[in-house]
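As structure tokens, the structure follows; a few thoughts come after it.
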Amino acid sequence: MPGAGLTLGPALLACVGRDPHRFPTVADARALMGTAPVTKASGTSRVVHFRFGCWKFARRTLHLFADLSRHPCSWAQDFYDEQRACGHKHHATVRALAHKGVKIILAMKRSGAPYNDAVFAQSRRRYLLKTPLLRTVNQGV
């Protein structure tokens, strides 16, 4: 994984674990590791805020990994720049990038395939083509 060096790589492995089926869904992993926000809704009000009840070691590790991965990985830097342009602060943007990273890491763990930057970049391009609002934002329209 880009950004995961000799120290951060084992820490990520400790967060994910050796069992590829440890987490039934990606959402369960994201909630435990603290990248998923908490939504509180009652009646007509709805508030989304930072998740405090999580595994702090995993949240810090993923946050550091996401911040370091955006430098060698072009799609991560593009995502970071898009989020910052939308008005998100640095730490919220890095958490959103870590949120994506959890899904990628778990997919790699389940499939046994090594990380391939081109696969995710192609997947992201397909997603942006299907989303009309994002397509106009990315094309500068």
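Residues in the structure tokens are named by chain (A, B, ... in the order shown) and by number from 1 within that chain; ligands are numbered from 1 in the order shown.
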
Item to check | Residues near Ala11 in chain A, cut-off 10 Å, only C-alpha atoms, skip fewer than 6 positions along chain, as a ChimeraX atom specification | outcome: /A:4-5,17,57-58,61-62,65

Can you write out the residues you just picked, keeping N, CA and C atoms, as a PDB file, in the first residue's frame?
```pdb
ATOM      1  N   ALA A   4       2.220   3.128   3.431  1.00  0.00           N
ATOM      2  CA  ALA A   4       2.432   2.212   4.551  1.00  0.00           C
ATOM      3  C   ALA A   4       3.867   1.706   4.488  1.00  0.00           C
ATOM      4  N   GLY A   5       4.695   2.192   5.362  1.00  0.00           N
ATOM      5  CA  GLY A   5       6.096   1.792   5.372  1.00  0.00           C
ATOM      6  C   GLY A   5       6.347   0.617   6.298  1.00  0.00           C
ATOM      7  N   GLY A  17      -6.341  -7.386  11.133  1.00  0.00           N
ATOM      8  CA  GLY A  17      -6.275  -8.758  11.629  1.00  0.00           C
ATOM      9  C   GLY A  17      -5.939  -9.740  10.521  1.00  0.00           C
ATOM     10  N   PHE A  57      -6.707   3.246  18.637  1.00  0.00           N
ATOM     11  CA  PHE A  57      -5.474   2.881  17.949  1.00  0.00           C
ATOM     12  C   PHE A  57      -5.718   2.755  16.446  1.00  0.00           C
ATOM     13  N   ALA A  58      -6.808   2.107  16.076  1.00  0.00           N
ATOM     14  CA  ALA A  58      -7.124   1.923  14.649  1.00  0.00           C
ATOM     15  C   ALA A  58      -7.430   3.261  13.991  1.00  0.00           C
ATOM     16  N   THR A  61      -4.154   5.103  13.505  1.00  0.00           N
ATOM     17  CA  THR A  61      -3.347   4.431  12.484  1.00  0.00           C
ATOM     18  C   THR A  61      -3.892   4.712  11.088  1.00  0.00           C
ATOM     19  N   LEU A  62      -5.200   4.587  10.919  1.00  0.00           N
ATOM     20  CA  LEU A  62      -5.802   4.840   9.606  1.00  0.00           C
ATOM     21  C   LEU A  62      -5.691   6.310   9.202  1.00  0.00           C
ATOM     22  N   PHE A  65      -2.143   6.749   8.088  1.00  0.00           N
ATOM     23  CA  PHE A  65      -1.981   6.077   6.797  1.00  0.00           C
ATOM     24  C   PHE A  65      -2.606   6.886   5.668  1.00  0.00           C
TER      25      PHE A  65
END
```

Item to check | Non-local contacts of Asp78 in chain A (12 Å; only C-alpha atoms; under 3 positions in same chain excluded) as a PyMOL selection string | outcome: chain A and resi 69-75+81-85+93+97+121+124-125+138

Can you tell me, as a compact mmCIF listing (two decimals) with C-alpha atoms, in the first residue's frame, which residues in chain A count as strand (DSSP E or B) by DSSP?
```
# COMPACT_ATOMS: atom_id res chain seq x y z
CA VAL A 38 -22.35 8.99 13.63
CA THR A 39 -25.78 10.20 12.52
CA LYS A 40 -28.35 11.19 15.12
CA ALA A 41 -31.86 11.83 13.87
CA SER A 42 -35.07 12.68 15.65
CA SER A 45 -33.58 17.19 12.81
CA ARG A 46 -30.53 15.28 11.66
CA VAL A 47 -26.98 15.75 12.97
CA VAL A 48 -23.83 14.03 11.73
CA HIS A 49 -20.78 14.15 13.97
```

Checklist entry - Which neighbours of range 26-28 of chain A fall inside 8 Å, counting only C-alpha atoms, when residues of the same chain fewer than 4 positions from it are skipped, and could you give them as a list of chain:residue names? => result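 Contacts, in chain order: A:Leu32, A:Ala36, A:Val102, A:Lys103, A:Leu106.
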
From a backbone DSSP assignment, name each residue in range 15-138 of chain A labelled helix (DSSP H, G or I), as a compact mmCIF listing (two decimals) with C-alpha atoms, in the first residue's frame.
```txt
# COMPACT_ATOMS: atom_id res chain seq x y z
CA CYS A 15 -6.02 -3.22 12.84
CA VAL A 16 -7.42 -5.46 10.12
CA VAL A 26 -17.18 -3.01 5.52
CA ALA A 27 -19.54 -0.79 7.52
CA ASP A 28 -18.82 -2.84 10.66
CA ALA A 29 -15.08 -2.35 10.17
CA ARG A 30 -15.50 1.36 9.51
CA ALA A 31 -17.58 1.81 12.67
CA LEU A 32 -15.13 -0.11 14.87
CA MET A 33 -12.13 1.71 13.45
CA LYS A 56 -8.65 4.68 19.09
CA PHE A 57 -5.47 2.88 17.95
CA ALA A 58 -7.12 1.92 14.65
CA ARG A 59 -8.49 5.42 14.09
CA ARG A 60 -5.09 7.02 14.67
CA THR A 61 -3.35 4.43 12.48
CA LEU A 62 -5.80 4.84 9.61
CA HIS A 63 -5.67 8.63 9.91
CA LEU A 64 -1.88 8.58 9.66
CA PHE A 65 -1.98 6.08 6.80
CA ALA A 66 -4.50 8.17 4.83
CA ASP A 67 -2.45 11.32 5.29
CA LEU A 68 0.76 9.60 4.16
CA SER A 69 -0.90 7.76 1.26
CA SER A 74 -2.55 10.40 -7.30
CA TRP A 75 -6.21 9.42 -6.78
CA ALA A 76 -5.87 9.98 -3.02
CA GLN A 77 -4.45 13.47 -3.58
CA ASP A 78 -7.25 14.23 -6.08
CA PHE A 79 -9.87 13.08 -3.55
CA TYR A 80 -8.20 15.20 -0.85
CA ASP A 81 -8.22 18.28 -3.11
CA GLU A 82 -11.90 17.74 -4.04
CA GLN A 83 -12.95 17.48 -0.40
CA ARG A 84 -10.94 20.56 0.57
CA ALA A 85 -12.50 22.49 -2.33
CA HIS A 90 -7.99 18.80 6.85
CA HIS A 91 -8.79 16.19 9.52
CA ALA A 92 -12.32 15.56 8.23
CA THR A 93 -10.90 15.11 4.74
CA VAL A 94 -8.20 12.71 5.93
CA ARG A 95 -10.85 10.71 7.84
CA ALA A 96 -12.91 10.49 4.63
CA LEU A 97 -9.82 9.24 2.81
CA ALA A 98 -9.23 6.69 5.59
CA HIS A 99 -12.88 5.65 5.18
CA LYS A 100 -12.08 4.71 1.56
CA GLY A 101 -8.83 3.09 2.63
CA VAL A 102 -10.62 0.65 4.95
CA LYS A 103 -12.72 -0.62 2.06
CA ILE A 104 -9.66 -1.06 -0.16
CA ILE A 105 -7.66 -2.84 2.54
CA LEU A 106 -10.50 -5.23 3.34
CA ALA A 107 -11.05 -5.99 -0.36
CA MET A 108 -7.35 -6.75 -0.74
CA LYS A 109 -7.45 -8.93 2.35
CA ARG A 110 -10.46 -10.93 1.11
CA SER A 111 -9.20 -11.39 -2.44
CA ASP A 117 -3.32 1.84 -8.16
CA ALA A 118 -4.72 1.50 -11.70
CA VAL A 119 -7.62 -0.70 -10.54
CA PHE A 120 -8.87 1.85 -8.03
CA ALA A 121 -8.31 4.79 -10.39
CA GLN A 122 -10.39 3.04 -13.05
CA SER A 123 -13.13 2.24 -10.53
CA ARG A 124 -13.20 5.86 -9.40
CA ARG A 125 -13.47 7.07 -13.02
CA ARG A 126 -16.44 4.74 -13.61
CA TYR A 127 -18.12 6.03 -10.44
CA LEU A 128 -17.63 9.65 -11.46
CA LEU A 129 -19.10 8.98 -14.91
CA LYS A 130 -22.24 7.47 -13.33
CA PRO A 132 -24.00 13.47 -12.94
CA LEU A 133 -23.37 16.05 -10.18
CA LEU A 134 -19.79 14.92 -9.62
CA ARG A 135 -19.19 14.74 -13.37
CA THR A 136 -20.02 18.44 -13.78
CA VAL A 137 -17.88 19.42 -10.77
CA ASN A 138 -14.86 17.45 -11.99
```
